[in-house]
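data.cif follows; it contains mmCIF, C-alpha atoms and all ligand atoms.
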data_start
#
loop_
_atom_site.label_atom_id
_atom_site.label_comp_id
_atom_site.auth_asym_id
_atom_site.auth_seq_id
_atom_site.Cartn_x
_atom_site.Cartn_y
_atom_site.Cartn_z
CA MET A 1 175.60 109.43 24.70
CA SER A 2 174.08 107.41 27.48
CA LEU A 3 171.09 108.55 29.45
CA ILE A 4 171.28 111.03 32.30
CA THR A 5 168.94 110.25 35.21
CA LEU A 6 167.93 112.77 37.85
CA GLY A 7 167.14 111.07 41.17
CA ILE A 8 165.02 112.51 43.99
CA GLU A 9 164.75 111.02 47.49
CA SER A 10 162.24 112.46 49.98
CA SER A 11 160.84 109.48 51.89
CA CYS A 12 161.72 110.58 55.40
CA ASP A 13 163.97 113.27 56.88
CA GLU A 14 166.53 113.73 54.12
CA THR A 15 166.09 115.50 50.79
CA GLY A 16 168.55 113.94 48.39
CA VAL A 17 169.06 114.81 44.73
CA ALA A 18 171.60 113.35 42.29
CA LEU A 19 172.48 112.95 38.63
CA TYR A 20 173.70 109.60 37.34
CA GLN A 21 174.87 108.77 33.84
CA MET A 22 175.36 105.17 32.73
CA GLY A 23 178.96 104.67 31.73
CA ARG A 24 180.16 107.82 33.47
CA GLY A 25 178.74 107.24 36.94
CA LEU A 26 177.58 109.78 39.46
CA LEU A 27 177.77 113.30 37.99
CA ALA A 28 176.71 115.18 41.14
CA HIS A 29 174.77 114.65 44.33
CA ALA A 30 173.45 116.90 47.07
CA LEU A 31 171.71 116.31 50.36
CA HIS A 32 169.84 118.28 52.96
CA THR A 33 169.26 116.57 56.26
CA GLN A 34 166.45 117.63 58.59
CA ILE A 35 168.07 116.05 61.65
CA ALA A 36 168.59 119.39 63.44
CA MET A 37 164.94 120.36 62.87
CA HIS A 38 163.50 117.08 64.17
CA SER A 39 165.96 116.61 67.04
CA GLU A 40 164.03 119.21 69.06
CA TYR A 41 161.09 116.78 69.06
CA GLY A 42 163.07 113.59 69.65
CA GLY A 43 161.96 112.06 66.34
CA VAL A 44 160.67 112.83 62.85
CA VAL A 45 157.57 115.07 62.72
CA PRO A 46 155.93 114.08 59.39
CA GLU A 47 154.25 117.43 58.64
CA LEU A 48 157.46 119.37 59.24
CA ALA A 49 159.34 116.87 57.08
CA SER A 50 156.99 117.42 54.11
CA ARG A 51 157.15 121.19 54.38
CA ASP A 52 160.93 121.14 54.50
CA HIS A 53 161.16 118.85 51.45
CA VAL A 54 159.00 121.37 49.53
CA GLN A 55 161.51 124.11 50.26
CA ARG A 56 164.61 122.04 49.56
CA VAL A 57 163.99 119.98 46.43
CA THR A 58 164.14 122.67 43.74
CA PRO A 59 167.29 124.40 45.05
CA LEU A 60 168.99 120.99 45.33
CA VAL A 61 168.02 120.14 41.73
CA ARG A 62 169.54 123.46 40.61
CA GLN A 63 172.65 122.72 42.66
CA VAL A 64 173.34 119.30 41.11
CA LEU A 65 172.72 120.63 37.59
CA HIS A 66 175.19 123.41 38.28
CA GLU A 67 177.78 121.02 39.75
CA ALA A 68 177.45 118.61 36.82
CA ASP A 69 177.52 121.58 34.44
CA ILE A 70 174.44 120.47 32.51
CA SER A 71 171.08 122.06 31.80
CA LEU A 72 167.70 120.67 32.83
CA GLU A 73 166.97 119.94 29.15
CA GLN A 74 169.87 117.46 29.07
CA VAL A 75 168.18 115.26 31.70
CA ASP A 76 166.70 112.16 30.01
CA ALA A 77 164.59 110.69 32.84
CA ILE A 78 163.62 111.32 36.46
CA ALA A 79 163.66 108.69 39.22
CA TYR A 80 161.99 109.36 42.55
CA THR A 81 161.33 107.41 45.74
CA GLN A 82 157.78 106.13 45.41
CA GLY A 83 157.75 104.32 48.78
CA PRO A 84 157.87 103.12 51.45
CA GLY A 85 158.05 106.15 53.72
CA LEU A 86 156.01 109.08 55.03
CA GLY A 87 153.06 109.72 52.71
CA GLY A 88 153.34 113.51 52.63
CA ALA A 89 157.11 113.47 52.28
CA LEU A 90 156.96 110.96 49.41
CA LEU A 91 154.34 113.11 47.64
CA VAL A 92 156.75 116.05 47.52
CA GLY A 93 159.37 114.09 45.58
CA ALA A 94 156.74 112.42 43.39
CA SER A 95 155.09 115.76 42.51
CA VAL A 96 158.32 117.52 41.65
CA ALA A 97 159.60 114.54 39.63
CA ASN A 98 156.38 114.13 37.66
CA ALA A 99 155.81 117.86 37.10
CA LEU A 100 159.35 118.36 35.83
CA ALA A 101 159.21 115.25 33.65
CA TYR A 102 155.85 116.33 32.19
CA ALA A 103 157.25 119.75 31.33
CA LEU A 104 160.35 118.16 29.76
CA ASP A 105 158.37 115.35 28.08
CA ILE A 106 160.65 112.68 29.54
CA PRO A 107 159.84 109.45 31.44
CA THR A 108 159.70 109.00 35.21
CA ILE A 109 160.34 105.92 37.26
CA GLY A 110 159.16 105.32 40.84
CA ILE A 111 161.82 103.57 42.92
CA HIS A 112 161.42 101.44 46.03
CA HIS A 113 163.49 103.11 48.75
CA LEU A 114 164.98 99.82 49.94
CA GLU A 115 165.95 98.85 46.41
CA GLY A 116 167.93 102.10 46.38
CA HIS A 117 169.68 101.08 49.59
CA LEU A 118 170.40 97.52 48.53
CA LEU A 119 171.86 98.48 45.15
CA SER A 120 173.91 101.36 46.61
CA PRO A 121 177.09 99.26 47.19
CA LEU A 122 177.20 98.82 43.40
CA LEU A 123 178.15 102.52 43.24
CA SER A 124 181.46 101.70 44.96
CA ASP A 125 184.60 100.11 43.61
CA PRO A 126 185.05 97.17 43.97
CA ALA A 127 181.36 96.39 43.54
CA PRO A 128 179.69 93.07 44.34
CA GLU A 129 178.39 90.91 41.51
CA PHE A 130 174.97 89.24 41.36
CA PRO A 131 173.94 87.04 43.09
CA PHE A 132 174.56 88.26 46.62
CA VAL A 133 172.87 88.39 50.03
CA ALA A 134 171.82 91.85 51.22
CA LEU A 135 171.45 92.81 54.86
CA LEU A 136 169.14 95.83 54.87
CA VAL A 137 169.32 97.61 58.18
CA SER A 138 167.60 100.98 58.41
CA GLY A 139 165.39 102.88 60.82
CA GLY A 140 162.28 101.17 59.49
CA HIS A 141 163.50 97.83 58.12
CA THR A 142 165.65 94.86 58.97
CA GLN A 143 165.70 92.28 56.22
CA LEU A 144 167.93 89.67 54.67
CA MET A 145 167.35 89.38 50.92
CA ARG A 146 168.77 87.19 48.22
CA VAL A 147 169.52 89.43 45.24
CA ASP A 148 169.87 87.71 41.85
CA GLY A 149 169.66 90.84 39.72
CA VAL A 150 167.85 94.17 39.42
CA GLY A 151 164.28 93.49 40.52
CA ARG A 152 165.04 89.87 41.45
CA TYR A 153 164.75 89.89 45.22
CA THR A 154 163.81 87.02 47.53
CA LEU A 155 163.09 87.69 51.18
CA LEU A 156 165.10 85.34 53.41
CA GLY A 157 164.16 86.77 56.78
CA GLU A 158 163.07 89.97 58.49
CA THR A 159 162.29 91.53 61.83
CA LEU A 160 159.04 90.50 63.44
CA ASP A 161 158.80 93.79 65.34
CA ASP A 162 161.26 96.68 65.73
CA ALA A 163 163.93 97.36 63.12
CA ALA A 164 167.61 97.37 64.13
CA GLY A 165 167.78 101.15 63.67
CA GLU A 166 164.66 101.53 65.80
CA ALA A 167 166.31 99.41 68.52
CA PHE A 168 169.29 101.77 68.44
CA ASP A 169 167.03 104.84 68.46
CA LYS A 170 164.72 103.67 71.25
CA SER A 171 167.54 102.47 73.49
CA ALA A 172 169.37 105.73 72.89
CA LYS A 173 166.27 107.65 73.97
CA LEU A 174 166.10 105.62 77.19
CA LEU A 175 169.71 106.60 77.83
CA GLY A 176 168.85 110.26 77.32
CA LEU A 177 170.64 110.56 74.00
CA GLY A 178 169.43 112.69 71.11
CA TYR A 179 167.92 111.76 67.75
CA PRO A 180 168.97 109.88 65.68
CA GLY A 181 170.10 107.52 68.39
CA GLY A 182 172.27 105.13 66.38
CA PRO A 183 175.35 107.29 65.92
CA ALA A 184 174.98 108.80 69.43
CA LEU A 185 174.65 105.42 71.13
CA SER A 186 177.55 104.05 69.15
CA SER A 187 179.93 106.85 70.16
CA LEU A 188 178.87 106.59 73.82
CA ALA A 189 179.46 102.81 73.61
CA ALA A 190 183.09 103.47 72.73
CA GLN A 191 183.61 104.65 76.36
CA GLY A 192 181.81 101.62 77.80
CA LYS A 193 183.12 98.41 79.37
CA ALA A 194 182.18 95.49 77.16
CA ASP A 195 181.70 92.85 79.85
CA ARG A 196 179.75 94.69 82.55
CA PHE A 197 176.25 93.97 81.24
CA LYS A 198 175.03 91.21 78.98
CA LEU A 199 171.75 91.82 77.16
CA PRO A 200 169.67 89.08 75.53
CA ARG A 201 170.27 88.06 71.90
CA PRO A 202 166.65 87.63 70.73
CA MET A 203 165.97 84.79 68.28
CA LEU A 204 169.65 83.98 67.88
CA HIS A 205 168.93 80.28 67.76
CA SER A 206 165.45 80.40 66.24
CA GLY A 207 166.70 78.35 63.30
CA ASP A 208 165.38 80.84 60.75
CA LEU A 209 166.62 84.18 59.45
CA ASP A 210 164.09 86.35 61.28
CA PHE A 211 164.87 88.96 63.93
CA SER A 212 163.14 90.47 66.93
CA PHE A 213 164.43 93.60 68.62
CA SER A 214 161.47 94.88 70.62
CA GLY A 215 162.52 93.03 73.80
CA LEU A 216 165.82 94.84 73.81
CA LYS A 217 164.41 98.22 74.76
CA THR A 218 162.61 96.59 77.71
CA ALA A 219 165.90 95.01 78.80
CA VAL A 220 167.62 98.40 78.50
CA LEU A 221 164.81 100.05 80.46
CA THR A 222 165.18 97.45 83.21
CA LEU A 223 168.93 98.09 83.43
CA THR A 224 168.40 101.84 83.66
CA LYS A 225 165.99 101.29 86.56
CA GLN A 226 168.23 98.81 88.38
CA HIS A 227 171.33 100.98 88.41
CA GLU A 228 172.43 104.40 89.46
CA ILE A 229 172.87 106.08 86.08
CA ASP A 230 176.25 107.78 86.13
CA GLU A 231 178.26 108.51 82.98
CA GLN A 232 180.14 105.20 83.10
CA THR A 233 176.97 103.13 83.59
CA ARG A 234 175.28 104.84 80.63
CA ALA A 235 178.29 104.06 78.48
CA ASP A 236 178.37 100.45 79.71
CA ILE A 237 174.67 99.99 78.88
CA ALA A 238 175.21 101.59 75.46
CA CYS A 239 178.07 99.18 74.88
CA ALA A 240 175.97 96.14 75.85
CA THR A 241 173.08 97.32 73.65
CA GLN A 242 175.22 97.83 70.59
CA ASP A 243 176.91 94.50 71.20
CA ALA A 244 173.58 92.63 71.38
CA ILE A 245 172.22 94.21 68.17
CA VAL A 246 175.45 93.72 66.24
CA ASP A 247 175.84 90.15 67.45
CA VAL A 248 172.41 89.11 66.20
CA LEU A 249 172.81 90.90 62.85
CA ALA A 250 176.23 89.35 62.24
CA TYR A 251 175.09 85.87 63.25
CA LYS A 252 172.02 85.89 61.01
CA ALA A 253 173.93 87.41 58.08
CA ARG A 254 176.43 84.55 58.34
CA ALA A 255 173.59 82.06 58.50
CA ALA A 256 172.01 83.59 55.37
CA LEU A 257 175.26 83.10 53.44
CA ALA A 258 175.47 79.51 54.67
CA GLN A 259 171.84 78.83 53.73
CA THR A 260 172.10 80.27 50.22
CA GLY A 261 175.63 79.01 49.55
CA LEU A 262 176.59 82.53 48.42
CA ASP A 263 179.80 84.24 49.52
CA GLN A 264 179.08 87.95 49.02
CA LEU A 265 177.23 90.03 51.58
CA VAL A 266 176.05 93.56 50.89
CA VAL A 267 175.21 95.73 53.89
CA ALA A 268 172.90 98.66 53.26
CA GLY A 269 170.81 101.19 55.20
CA GLY A 270 171.69 103.60 57.98
CA VAL A 271 172.79 101.01 60.54
CA GLY A 272 175.35 99.86 57.96
CA ALA A 273 177.32 102.94 59.03
CA ASN A 274 177.91 101.32 62.43
CA ARG A 275 181.62 100.71 62.89
CA LEU A 276 181.30 97.69 65.21
CA LEU A 277 178.88 96.00 62.78
CA ARG A 278 181.32 96.57 59.92
CA GLU A 279 184.26 95.18 61.91
CA ARG A 280 182.34 92.14 63.13
CA LEU A 281 180.94 91.27 59.68
CA SER A 282 184.23 91.71 57.87
CA ARG A 283 186.04 89.60 60.47
CA ASP A 284 183.47 86.78 60.71
CA ILE A 285 182.65 86.52 57.04
CA GLY A 286 186.24 87.10 55.90
CA LYS A 287 187.32 84.16 58.07
CA ARG A 288 184.99 81.93 56.07
CA GLY A 289 186.29 83.12 52.71
CA GLY A 290 183.34 85.45 52.09
CA LYS A 291 183.42 89.14 51.23
CA VAL A 292 181.42 92.03 52.63
CA PHE A 293 180.52 95.12 50.59
CA TYR A 294 179.34 98.44 51.97
CA PRO A 295 178.17 101.58 50.29
CA ASP A 296 180.41 104.63 50.82
CA LEU A 297 179.59 106.02 54.26
CA GLN A 298 177.85 109.03 52.68
CA PHE A 299 175.51 106.64 50.80
CA CYS A 300 174.68 104.45 53.82
CA THR A 301 171.98 106.74 55.13
CA ASP A 302 169.27 108.17 52.85
CA ASN A 303 170.53 109.93 49.76
CA GLY A 304 169.60 110.84 46.18
CA ALA A 305 172.50 108.99 44.55
CA MET A 306 171.03 105.56 45.28
CA ILE A 307 167.70 106.61 43.75
CA ALA A 308 169.29 108.08 40.61
CA PHE A 309 171.38 104.90 40.28
CA ALA A 310 168.50 102.43 40.82
CA GLY A 311 166.47 104.54 38.36
CA ALA A 312 169.23 104.36 35.74
CA LEU A 313 169.39 100.56 36.08
CA ARG A 314 165.63 100.24 35.68
CA LEU A 315 165.51 102.68 32.78
CA ALA A 316 168.11 100.50 31.07
CA GLN A 317 165.45 97.77 31.31
CA GLN A 318 162.96 100.07 29.55
CA GLN A 319 160.89 100.55 32.70
CA GLY A 320 160.41 104.33 32.47
CA ARG A 321 156.87 105.65 31.87
CA LYS A 322 155.40 108.92 30.57
CA GLU A 323 152.30 108.53 32.73
CA TYR A 324 153.03 111.14 35.39
CA ARG A 325 151.12 109.55 38.22
CA PHE A 326 151.29 110.73 41.81
CA ASP A 327 150.59 107.37 43.40
CA VAL A 328 153.08 107.04 46.24
CA LYS A 329 153.23 103.85 48.31
CA PRO A 330 153.88 104.60 51.99
CA ARG A 331 153.74 100.83 52.65
CA TRP A 332 155.35 98.71 50.00
CA ASN A 333 156.92 95.29 50.26
CA LEU A 334 160.25 94.97 48.42
CA ALA A 335 159.73 91.29 47.65
CA GLU A 336 156.61 92.29 45.64
CA ILE A 337 158.45 94.32 43.05
CA GLY A 338 159.74 92.81 39.82
O1 LIG B 1 168.57 104.21 56.10
P1 LIG B 1 168.33 105.33 57.04
O2 LIG B 1 169.12 106.60 56.86
O3 LIG B 1 166.84 105.77 57.04
C1 LIG B 1 165.79 104.88 56.94
O4 LIG B 1 165.45 104.53 55.76
O5 LIG B 1 165.32 104.45 58.01
O6 LIG B 1 168.57 104.73 58.51
C2 LIG B 1 168.42 105.51 59.66
C3 LIG B 1 168.75 104.64 60.86
C4 LIG B 1 168.44 105.33 62.19
O7 LIG B 1 167.73 104.43 63.00
C5 LIG B 1 169.83 105.61 62.77
O8 LIG B 1 169.85 105.62 64.18
C6 LIG B 1 170.62 104.46 62.21
O9 LIG B 1 170.13 104.29 60.89
N1 LIG B 1 172.07 104.73 62.19
C7 LIG B 1 172.97 104.08 62.94
C8 LIG B 1 174.24 104.65 62.67
N2 LIG B 1 174.06 105.65 61.76
C9 LIG B 1 172.72 105.68 61.48
N3 LIG B 1 172.81 103.06 63.79
C10 LIG B 1 173.91 102.59 64.41
N4 LIG B 1 175.15 103.10 64.23
C11 LIG B 1 175.36 104.12 63.37
N5 LIG B 1 176.58 104.60 63.20
ZN ZN B 2 166.64 104.60 54.16
#

Could you render the structure as structure tokens?
Ligand code: KG4
Ligand code: ZN
Amino acid sequence: MSLITLGIESSCDETGVALYQMGRGLLAHALHTQIAMHSEYGGVVPELASRDHVQRVTPLVRQVLHEADISLEQVDAIAYTQGPGLGGALLVGASVANALAYALDIPTIGIHHLEGHLLSPLLSDPAPEFPFVALLVSGGHTQLMRVDGVGRYTLLGETLDDAAGEAFDKSAKLLGLGYPGGPALSSLAAQGKADRFKLPRPMLHSGDLDFSFSGLKTAVLTLTKQHEIDEQTRADIACATQDAIVDVLAYKARAALAQTGLDQLVVAGGVGANRLLRERLSRDIGKRGGKVFYPDLQFCTDNGAMIAFAGALRLAQQQGRKEYRFDVKPRWNLAEIG
């Protein structure tokens, strides 16, 4: 019987719990999103996030055990998001994982949140094979990584300021849209005229694989001040914003494949749910004989499945520990982990 790993994600505004068994795959997964709670404030309130995780984790653990029809005693190891993320929120997952594992006398493994995201397309069929290039696009990160295997990550380029998701969120806010801005801006953009406004494509021709998105919100702000903001104008600005972000991401992802000589691109993180980005990448990279892999839509944004899965892969490398430490890492560089 191969090992059953319980995974717990609590780094930001989603509590995710899942059970993964090597050889059988995902046994069950459950998620509670705090979006409704934070939307009142226009963004994530860290203290509220932690308190909500406290209330949600245990019921979600019970739920996945029930759905997978197994008992807690059948769990062989517990993986949890150790960082990066909100300190208090991370501590909730780390405490529950370590307390449960201590009681059960089983190992724990702390997982890097972005490693969870970048390995999540391996949960789908067909799955990419190592080596591949990963475009990690979330609310906090925008990175291109070369992935040669589990724990073998080389940073190719990253944002120098705002993340792509942040650019979506901040522009959406300027357009009076709710939180999180990405999905809202993207659906408004569908009503917009593509050629009315043209926003800058920062660092498109910088010759490296880095990004910069902070100028975009200023450009959006300028547009909102220059024009009478009726429904059509808002949609047209949303359309131009999405187009600028997607254009830069697609261009640099193509350049990363060219630079590494690899032909598989994995797209992970919340912005990977963006339909235009998916279309553009599949079209551009497909034309050059490459292939693009995405996680299932439900595993694009934060979830427990990716943590249980990354944990299972690392446990297979004997990386679990019975040390039960509570040392979360709110700031943690993915390229540092081995
Ligand atoms: O990976 P994720 O769930 O959480 C972080 O680890 O940050 O990513 C959240 C980000 C938010 O900025 C959200 O606006 C963005 O992903 N996002 C989208 C879409 N869905 C989520 N951005 C553009 N289009 C979408 N459809
Ligand atoms: Zn994430």

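You can rank A:Tyr80, A:Phe168, A:Phe309, A:Tyr41 by their closest distance to ligand LIG 1 (chain B) using all atoms listed in the file, and at the top of that list sits A:Phe168.
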
Expected selection as a PDB file with C-alpha atoms, in the frame of the given file for ligand LIG 1 (chain B) within 6 Å, all atoms listed in the file:
ATOM      1  CA  SER A 138     167.600 100.980  58.410  1.00  0.00           C
ATOM      2  CA  GLY A 139     165.390 102.880  60.820  1.00  0.00           C
ATOM      3  CA  GLY A 140     162.280 101.170  59.490  1.00  0.00           C
ATOM      4  CA  GLY A 165     167.780 101.150  63.670  1.00  0.00           C
ATOM      5  CA  GLU A 166     164.660 101.530  65.800  1.00  0.00           C
ATOM      6  CA  PHE A 168     169.290 101.770  68.440  1.00  0.00           C
ATOM      7  CA  ASP A 169     167.030 104.840  68.460  1.00  0.00           C
ATOM      8  CA  PRO A 180     168.970 109.880  65.680  1.00  0.00           C
ATOM      9  CA  GLY A 181     170.100 107.520  68.390  1.00  0.00           C
ATOM     10  CA  GLY A 182     172.270 105.130  66.380  1.00  0.00           C
ATOM     11  CA  PRO A 183     175.350 107.290  65.920  1.00  0.00           C
ATOM     12  CA  SER A 186     177.550 104.050  69.150  1.00  0.00           C
ATOM     13  CA  GLY A 269     170.810 101.190  55.200  1.00  0.00           C
ATOM     14  CA  GLY A 270     171.690 103.600  57.980  1.00  0.00           C
ATOM     15  CA  VAL A 271     172.790 101.010  60.540  1.00  0.00           C
ATOM     16  CA  ALA A 273     177.320 102.940  59.030  1.00  0.00           C
ATOM     17  CA  ASN A 274     177.910 101.320  62.430  1.00  0.00           C
ATOM     18  CA  THR A 301     171.980 106.740  55.130  1.00  0.00           C
ATOM     19  CA  ASP A 302     169.270 108.170  52.850  1.00  0.00           C
TER      20      ASP A 302
END

Rows by chain and residue number, chain A within 12 Å of ligand ZN 2 (chain B), shortest pair, all atoms listed in the file, as JSON lines:
{"residue": "A:Glu9", "atom": "CA", "partner": "B:ZN2", "partner_atom": "ZN", "distance": 9.4}
{"residue": "A:Ser10", "atom": "CA", "partner": "B:ZN2", "partner_atom": "ZN", "distance": 9.9}
{"residue": "A:Ser11", "atom": "CA", "partner": "B:ZN2", "partner_atom": "ZN", "distance": 7.9}
{"residue": "A:Cys12", "atom": "CA", "partner": "B:ZN2", "partner_atom": "ZN", "distance": 7.8}
{"residue": "A:Asp13", "atom": "CA", "partner": "B:ZN2", "partner_atom": "ZN", "distance": 9.5}
{"residue": "A:Glu14", "atom": "CA", "partner": "B:ZN2", "partner_atom": "ZN", "distance": 9.1}
{"residue": "A:Thr15", "atom": "CA", "partner": "B:ZN2", "partner_atom": "ZN", "distance": 11.4}
{"residue": "A:Gly16", "atom": "CA", "partner": "B:ZN2", "partner_atom": "ZN", "distance": 11.1}
{"residue": "A:Thr81", "atom": "CA", "partner": "B:ZN2", "partner_atom": "ZN", "distance": 10.3}
{"residue": "A:Gly83", "atom": "CA", "partner": "B:ZN2", "partner_atom": "ZN", "distance": 10.4}
{"residue": "A:Pro84", "atom": "CA", "partner": "B:ZN2", "partner_atom": "ZN", "distance": 9.3}
{"residue": "A:Gly85", "atom": "CA", "partner": "B:ZN2", "partner_atom": "ZN", "distance": 8.7}
{"residue": "A:Leu86", "atom": "CA", "partner": "B:ZN2", "partner_atom": "ZN", "distance": 11.6}
{"residue": "A:His112", "atom": "CA", "partner": "B:ZN2", "partner_atom": "ZN", "distance": 10.2}
{"residue": "A:His113", "atom": "CA", "partner": "B:ZN2", "partner_atom": "ZN", "distance": 6.4}
{"residue": "A:Leu114", "atom": "CA", "partner": "B:ZN2", "partner_atom": "ZN", "distance": 6.6}
{"residue": "A:Glu115", "atom": "CA", "partner": "B:ZN2", "partner_atom": "ZN", "distance": 9.7}
{"residue": "A:Gly116", "atom": "CA", "partner": "B:ZN2", "partner_atom": "ZN", "distance": 8.3}
{"residue": "A:His117", "atom": "CA", "partner": "B:ZN2", "partner_atom": "ZN", "distance": 6.5}
{"residue": "A:Leu118", "atom": "CA", "partner": "B:ZN2", "partner_atom": "ZN", "distance": 9.8}
{"residue": "A:Ser120", "atom": "CA", "partner": "B:ZN2", "partner_atom": "ZN", "distance": 11.0}
{"residue": "A:Leu136", "atom": "CA", "partner": "B:ZN2", "partner_atom": "ZN", "distance": 9.1}
{"residue": "A:Val137", "atom": "CA", "partner": "B:ZN2", "partner_atom": "ZN", "distance": 8.5}
{"residue": "A:Ser138", "atom": "CA", "partner": "B:ZN2", "partner_atom": "ZN", "distance": 5.7}
{"residue": "A:Gly139", "atom": "CA", "partner": "B:ZN2", "partner_atom": "ZN", "distance": 7.0}
{"residue": "A:Gly140", "atom": "CA", "partner": "B:ZN2", "partner_atom": "ZN", "distance": 7.7}
{"residue": "A:His141", "atom": "CA", "partner": "B:ZN2", "partner_atom": "ZN", "distance": 8.4}
{"residue": "A:Thr142", "atom": "CA", "partner": "B:ZN2", "partner_atom": "ZN", "distance": 10.9}
{"residue": "A:Ala163", "atom": "CA", "partner": "B:ZN2", "partner_atom": "ZN", "distance": 11.8}
{"residue": "A:Gly165", "atom": "CA", "partner": "B:ZN2", "partner_atom": "ZN", "distance": 10.2}
{"residue": "A:Ala268", "atom": "CA", "partner": "B:ZN2", "partner_atom": "ZN", "distance": 8.7}
{"residue": "A:Gly269", "atom": "CA", "partner": "B:ZN2", "partner_atom": "ZN", "distance": 5.5}
{"residue": "A:Gly270", "atom": "CA", "partner": "B:ZN2", "partner_atom": "ZN", "distance": 6.4}
{"residue": "A:Val271", "atom": "CA", "partner": "B:ZN2", "partner_atom": "ZN", "distance": 9.6}
{"residue": "A:Gly272", "atom": "CA", "partner": "B:ZN2", "partner_atom": "ZN", "distance": 10.6}
{"residue": "A:Ala273", "atom": "CA", "partner": "B:ZN2", "partner_atom": "ZN", "distance": 11.9}
{"residue": "A:Phe299", "atom": "CA", "partner": "B:ZN2", "partner_atom": "ZN", "distance": 9.7}
{"residue": "A:Cys300", "atom": "CA", "partner": "B:ZN2", "partner_atom": "ZN", "distance": 8.0}
{"residue": "A:Thr301", "atom": "CA", "partner": "B:ZN2", "partner_atom": "ZN", "distance": 5.8}
{"residue": "A:Asp302", "atom": "CA", "partner": "B:ZN2", "partner_atom": "ZN", "distance": 4.6}
{"residue": "A:Asn303", "atom": "CA", "partner": "B:ZN2", "partner_atom": "ZN", "distance": 7.9}
{"residue": "A:Gly304", "atom": "CA", "partner": "B:ZN2", "partner_atom": "ZN", "distance": 10.6}
{"residue": "A:Met306", "atom": "CA", "partner": "B:ZN2", "partner_atom": "ZN", "distance": 10.0}
{"residue": "A:Ile307", "atom": "CA", "partner": "B:ZN2", "partner_atom": "ZN", "distance": 10.7}

Expressed in Å to a single decimal, how great is the separation between atom CA of Pro200 of chain A and atom CA of Val220 of chain A?
->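 A separation of 10.0 Å between them.
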
Excluding segment 246-251 of chain A and any residue of its chain fewer than 2 positions from it, enumerate the residues within 9 Å of it, using all atoms listed in the file, and give them as a PyMOL selection string.
-> chain A and resi 135+137+164+201-204+211+241-244+253-256+274+276-277+280-281+284-285

Residue neighbourhood segment 99-103 of chain A, 8 Å, only C-alpha atoms, exclusion window fewer than 3 positions, as number ranges by chain | A: 77-78, 95-96, 106-108, 322, 324

Which residue of A:Ala89, A:Gly42, A:Glu158, A:Asp105 approaches Lys170 of chain A most closely, using only C-alpha atoms |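 For Lys170 of chain A, the nearest of the candidates is A:Gly42.
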
Distance in Å - atom CA of Gly43 of chain A versus atom CA of Gly176 of chain A =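 Straight-line distance from atom CA of Gly43 of chain A to atom CA of Gly176 of chain A works out to 13.1 Å.
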
Between atom CA of Phe293 of chain A and atom CA of Pro128 of chain A, what is the spacing in Å?
->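 Pair atom CA of Pro128 of chain A / atom CA of Phe293 of chain A returns 6.6 Å.
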
Which of these residues is nearest to Thr58 of chain A, using all atoms listed in the file: A:Leu221, A:Ile70, A:Arg24, A:Gly93?
->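 Once distances to Thr58 of chain A are computed over all atoms listed in the file, the minimum belongs to A:Gly93.
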
Which protein, DNA or RNA residues are at most 12 Å from (178.0, 98.0, 75.4) in the file's coordinates when you count all atoms listed in the file, listed as a PyMOL selection string?
-> chain A and resi 168+171-172+185-199+220+232-247+276
